[in-house]
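Quick notes on the structure that follows.
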Amino acid sequence: MLKMNNVGKVYRTELIETHALRDLNLHVEEGEFIAVTGPSGSGKTTFLNIAGLLESPSSGVYELDGANVGDLNDRQRSRIRNEKVGFIFQSFNLLSRASALKNVMQPLVYRGIPRTERKRLAAEALDNVGLGDRLESRPNQMSGGQRQRLAIARALLKNAPILILDEATSQLDSESEALVQKALSNLMAGRTTLVIAHRLSTVMTADRIVVMDGGRIVEQGDHEQLLAVGGLYRRLYDLQFEA
């Protein structure tokens with residue numbers, strides 16, 4: 001479903017050139033759950049932005065569902081992104097002045113679904129993440145965990161085959177984290193999922209963990225394989241659990 005061959009990303013200003021990604025190679029199969037981890041500044045966010053068509057690579061080839069992204073114009077990339085990719089960010093990206101119900105209804109507007117049906121579907125999605133009693137609440141009237149579940153309900157209704165997360169639980173308390181994880185598990189079922197992992201404890205069940213450093217993939221495998229290797233993942237794991 002997703003193939004990156006020798007993908008690089010360079011950010012340039014008048015004074016400096018920054019290589020965020022270098023010769024990145026990764027093939028992701030349909031339905032696979034991939035966790036991306038590594039030190040700060042290792043290129044994780046840039047990788048996911050390119051995967052989700054929010055940015056374009058500076059070099060290399062990126063194919064999404066058989067289409068070479070480099071051959072597509074802006075309108076074509078936007079259409080594929082809207083149809084095939086669901087995002088959940090730590091910043092939530094919610095409409096601050098709109099109710100929870102209107103926030104969740106928004107993606108359905110672009111699909112031409114009648115208002116009555118949009119309202120019914122949005123209410124069901126909110127009820128599925130435990131927010132059935134907060135339909136008219138605005139995001140600024142909600143806790144961080146509730147806002148995150150609101151973002152999950154919106155992604156659930158978008159029903160995109162690819163899900164990209166900038167890990168959804170890293171700033172939540174234990175009770176909120178448990179509720180969000182349950183909602184995420186339902187959302188991820190049957191979807192190709194890419195998630196930035198800040199807390200390694202949340203991605204031990206990933207099909208594959210990709211470890212990045214210096215804009216490159218330096219290790220990949222499942223949790224037990226990477227622990228056994230004793231490389232960067234093991235060091236990051238030991239640091240977190242010792243703390």
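For the structure tokens, the naming scheme is as follows: chains receive sequential letters (A, B, ...) according to their order of presentation, residues are indexed from 1 within each chain, and ligands are indexed from 1 in presentation order.
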Non-local contacts of region 152-159 of chain A (6 Å; only C-alpha atoms; under 2 positions in same chain excluded) as a short mmCIF file (atom, residue, chain, number, x, y, z; two decimals) with N, CA and C atoms, in the first residue's frame:
data_model
loop_
_atom_site.label_atom_id
_atom_site.label_comp_id
_atom_site.auth_asym_id
_atom_site.auth_seq_id
_atom_site.Cartn_x
_atom_site.Cartn_y
_atom_site.Cartn_z
N GLY A 86 -6.58 9.39 7.25
CA GLY A 86 -7.13 10.02 8.43
C GLY A 86 -6.02 10.41 9.38
N VAL A 104 -17.45 16.81 14.33
CA VAL A 104 -17.45 15.46 13.78
C VAL A 104 -18.21 15.40 12.46
N ALA A 125 -21.01 8.32 16.35
CA ALA A 125 -19.55 8.27 16.50
C ALA A 125 -19.13 8.81 17.85
N LEU A 126 -19.75 9.91 18.28
CA LEU A 126 -19.43 10.48 19.59
C LEU A 126 -19.85 9.55 20.72
N ARG A 149 -10.59 12.21 22.18
CA ARG A 149 -11.64 11.28 21.74
C ARG A 149 -12.55 11.92 20.69
N LEU A 150 -12.73 13.23 20.79
CA LEU A 150 -13.48 13.95 19.76
C LEU A 150 -12.78 13.85 18.41
N LEU A 187 -10.75 2.19 16.21
CA LEU A 187 -10.49 2.95 14.99
C LEU A 187 -9.46 2.25 14.11
#
Determine which residues of region 67-116 of chain A DSSP labels as helix (DSSP H, G or I) from the backbone of this structure, then write them out as number ranges by chain. A: 69-71, 74-84, 100-109, 115-116
Out of region 179-238 of chain A, which residues get strand (DSSP E or B) from DSSP, as JSON, numbers by chain? {"A": [192, 193, 194, 195, 196, 208, 209, 210, 211, 212, 213, 216, 217, 218, 219, 220, 221]}
Now that the selection is made, can you save its residues with C-alpha atoms as a JSON list (two decimals), in the first residue's frame?
[["chain", "number", "residue", "atom", "x", "y", "z"],
["A", 192, "THR", "CA", -3.09, 0.60, 7.80],
["A", 193, "THR", "CA", -1.76, 2.58, 10.75],
["A", 194, "LEU", "CA", 1.37, 4.70, 11.17],
["A", 195, "VAL", "CA", 1.97, 6.18, 14.61],
["A", 196, "ILE", "CA", 4.77, 8.24, 16.12],
["A", 208, "ARG", "CA", 6.64, -3.51, 13.20],
["A", 209, "ILE", "CA", 8.57, -0.80, 15.03],
["A", 210, "VAL", "CA", 10.68, 1.51, 12.86],
["A", 211, "VAL", "CA", 13.51, 3.25, 14.69],
["A", 212, "MET", "CA", 14.83, 6.49, 13.19],
["A", 213, "ASP", "CA", 17.97, 8.50, 13.87],
["A", 216, "ARG", "CA", 17.41, 7.44, 8.52],
["A", 217, "ILE", "CA", 15.82, 4.16, 9.52],
["A", 218, "VAL", "CA", 18.45, 2.47, 11.67],
["A", 219, "GLU", "CA", 16.45, -0.50, 13.02],
["A", 220, "GLN", "CA", 13.13, -2.20, 12.43],
["A", 221, "GLY", "CA", 11.37, -5.26, 13.80]]
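The closest residue to Phe89 (chain A), picked from A:Asn49, A:Gly132, A:Asn186, A:Asp207 and counting only C-alpha atoms, is A:Asn49.
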Could you list, as number ranges by chain, every residue within 6 Å of region 12-27 of chain A, counting only C-alpha atoms and ignoring same-chain residues fewer than 2 positions away? A: 2-10, 43, 215-216
If you count only C-alpha atoms, the residue of A:Met105, A:Phe241, A:Leu200, A:Arg235 closest to His223 (chain A) turns out to be A:Leu200
